[in-house]
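Below is one structure, written out as structure tokens; comments come after it.
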Amino acid sequence: MVTIEPIMIKGYFFTAIVVQLPKTTLLTISNDTGYIMCGALDVGLLNDRLADRKIIAGRAVGVKTIDELLTAPLESVTYEAHQLGITEGMSGVEALLKMV
């Protein structure tokens, strides 16, 4: 099952997507600038093989819900996210607000 819902953070809209798969759940929250995602995100791939795309993204591990993704510290972020001031250890909410 796939669930898509808008969420608002401090007056800014984002899109939360939950994909229920066998034995795992994919979580992402995005806007037109970038996104944060659960541990399934391969930041190394985005930084190395897809660097030309300049993807702004962050990864939080061990999260099981959208609420957890919003509050968990980011474990890794892309080079492009760093350019916006998004850093490891920052909460999902803090990172998303840097994307507006």
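Letters A, B, ... go to the chains of the structure tokens in the order shown; residues in each chain start at 1; ligands are counted from 1 in the same order.
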Review point. Hey, what's within 9 Å of Ala95 (chain A) if we count only C-alpha atoms and toss same-chain stuff fewer than 3 positions away? As a PyMOL selection string, please?
Key: chain A and resi 35-36+57-58+74+81+85-87+90-92+98-99
Excluding Ile17 (chain A) and any residue of its chain fewer than 4 positions from it, enumerate the residues within 6 Å of it, using only C-alpha atoms, and give them as a PyMOL selection string.
chain A and resi 3-4+27-28
Write a file of the selected residues as a PDB file, in the first residue's frame, keeping C-alpha atoms.
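What ended up in selection-v2.pdb:
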```pdb
ATOM      1  CA  THR A   3      -0.031   6.504   1.351  1.00  0.00           C
ATOM      2  CA  ILE A   4       0.543  10.072   0.194  1.00  0.00           C
ATOM      3  CA  LEU A  27       9.310   6.699   4.243  1.00  0.00           C
ATOM      4  CA  THR A  28      10.004  10.035   2.566  1.00  0.00           C
TER       5      THR A  28
END
```
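Put simply, CA of Gln20 (chain A) is 5.2 Å away from CA of Met1 (chain A).
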Note to self: as a list in words, please: the residues near Val63 (chain A) (cut-off 8 Å, only C-alpha atoms, same-chain neighbours under 6 positions excluded).
What the structure shows: Cys38, Gly39, Leu69 and Ala72 of chain A
Residue selection dump (all heavy atoms) as a CSV table (one decimal), in the first residue's frame:
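Resulting contents of selection02.csv:
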```csv
chain,number,residue,atom,x,y,z
A,38,CYS,N,14.0,7.4,4.9
A,38,CYS,CA,14.4,6.4,5.9
A,38,CYS,C,15.8,5.8,5.4
A,38,CYS,O,16.4,6.2,4.4
A,38,CYS,CB,13.4,5.3,6.0
A,38,CYS,SG,13.1,4.4,4.4
A,39,GLY,N,16.3,4.8,6.1
A,39,GLY,CA,17.5,4.2,5.9
A,39,GLY,C,17.7,3.6,4.5
A,39,GLY,O,18.8,3.3,4.2
A,69,LEU,N,10.5,10.1,11.4
A,69,LEU,CA,11.4,10.7,10.4
A,69,LEU,C,11.6,12.2,10.6
A,69,LEU,O,12.6,12.7,10.4
A,69,LEU,CB,10.8,10.4,9.0
A,69,LEU,CG,11.6,10.9,7.8
A,69,LEU,CD1,13.1,10.4,7.8
A,69,LEU,CD2,10.9,10.5,6.5
A,72,ALA,N,13.9,12.4,14.1
A,72,ALA,CA,15.1,11.6,14.2
A,72,ALA,C,16.3,12.5,13.6
A,72,ALA,O,16.1,13.3,12.7
A,72,ALA,CB,15.0,10.3,13.4
```
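For the choices A:Leu45, A:Ile55, A:Ile66, A:Leu50, the atom-to-atom distance to Ile29 (chain A) is smallest for A:Ile66 when using only C-alpha atoms.
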Discussion item. So that I can check the secondary structure, give me every residue of chain A assigned alpha helix (DSSP H) by backbone DSSP, as an MDAnalysis selection string.
Written reply: chainID A and resid 43:48 66:71 79:83 92:98
Any chance you can output those residues with N, CA and C atoms as a compact mmCIF listing (two decimals), in the first residue's frame?
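Writing done, so here's part18.txt:
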```
# COMPACT_ATOMS: atom_id res chain seq x y z
N VAL A 43 22.86 7.49 0.22
CA VAL A 43 23.48 8.80 0.05
C VAL A 43 24.77 8.69 -0.75
N GLY A 44 25.52 7.63 -0.55
CA GLY A 44 26.76 7.43 -1.32
C GLY A 44 26.50 7.39 -2.81
N LEU A 45 25.46 6.70 -3.21
CA LEU A 45 25.09 6.63 -4.62
C LEU A 45 24.74 8.02 -5.15
N LEU A 46 23.96 8.76 -4.38
CA LEU A 46 23.58 10.11 -4.82
C LEU A 46 24.79 11.02 -4.94
N ASN A 47 25.73 10.92 -4.01
CA ASN A 47 26.92 11.76 -4.03
C ASN A 47 27.91 11.35 -5.12
N ASP A 48 28.02 10.07 -5.39
CA ASP A 48 29.04 9.58 -6.32
C ASP A 48 28.52 9.41 -7.75
N ILE A 66 6.36 8.41 9.84
CA ILE A 66 6.64 9.77 9.39
C ILE A 66 7.01 10.66 10.58
N ASP A 67 6.31 10.51 11.70
CA ASP A 67 6.64 11.31 12.89
C ASP A 67 8.08 11.05 13.34
N GLU A 68 8.50 9.80 13.32
CA GLU A 68 9.88 9.49 13.70
C GLU A 68 10.86 10.10 12.70
N LEU A 69 10.53 10.08 11.41
CA LEU A 69 11.40 10.67 10.40
C LEU A 69 11.56 12.18 10.62
N LEU A 70 10.50 12.82 11.07
CA LEU A 70 10.56 14.25 11.34
C LEU A 70 11.45 14.59 12.54
N THR A 71 11.50 13.72 13.52
CA THR A 71 12.22 14.04 14.75
C THR A 71 13.60 13.39 14.85
N TYR A 79 26.07 15.97 -0.57
CA TYR A 79 26.92 17.16 -0.68
C TYR A 79 26.08 18.41 -0.92
N GLU A 80 25.08 18.28 -1.76
CA GLU A 80 24.23 19.42 -2.08
C GLU A 80 23.43 19.88 -0.86
N ALA A 81 23.03 18.94 -0.01
CA ALA A 81 22.33 19.31 1.22
C ALA A 81 23.26 20.12 2.13
N HIS A 82 24.52 19.70 2.20
CA HIS A 82 25.50 20.45 2.99
C HIS A 82 25.59 21.90 2.52
N GLN A 83 25.48 22.11 1.22
CA GLN A 83 25.55 23.46 0.67
C GLN A 83 24.42 24.35 1.21
N GLY A 92 14.94 15.89 11.20
CA GLY A 92 14.26 15.95 9.92
C GLY A 92 13.55 17.27 9.70
N VAL A 93 12.88 17.77 10.72
CA VAL A 93 12.18 19.06 10.62
C VAL A 93 13.17 20.17 10.30
N GLU A 94 14.28 20.22 11.03
CA GLU A 94 15.29 21.26 10.78
C GLU A 94 15.80 21.20 9.35
N ALA A 95 16.05 20.01 8.86
CA ALA A 95 16.54 19.84 7.49
C ALA A 95 15.51 20.31 6.47
N LEU A 96 14.26 19.91 6.66
CA LEU A 96 13.21 20.29 5.73
C LEU A 96 13.04 21.81 5.68
N LEU A 97 13.13 22.45 6.82
CA LEU A 97 12.97 23.91 6.85
C LEU A 97 14.12 24.62 6.13
N LYS A 98 15.27 23.98 6.02
CA LYS A 98 16.37 24.56 5.25
C LYS A 98 16.12 24.43 3.75
```
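What separates CA of Met37 (chain A) from CA of Arg59 (chain A) is a distance of 5.1 Å.
A straight line drawn from CA of Thr24 (chain A) to CA of Tyr12 (chain A) is 28.7 Å long.
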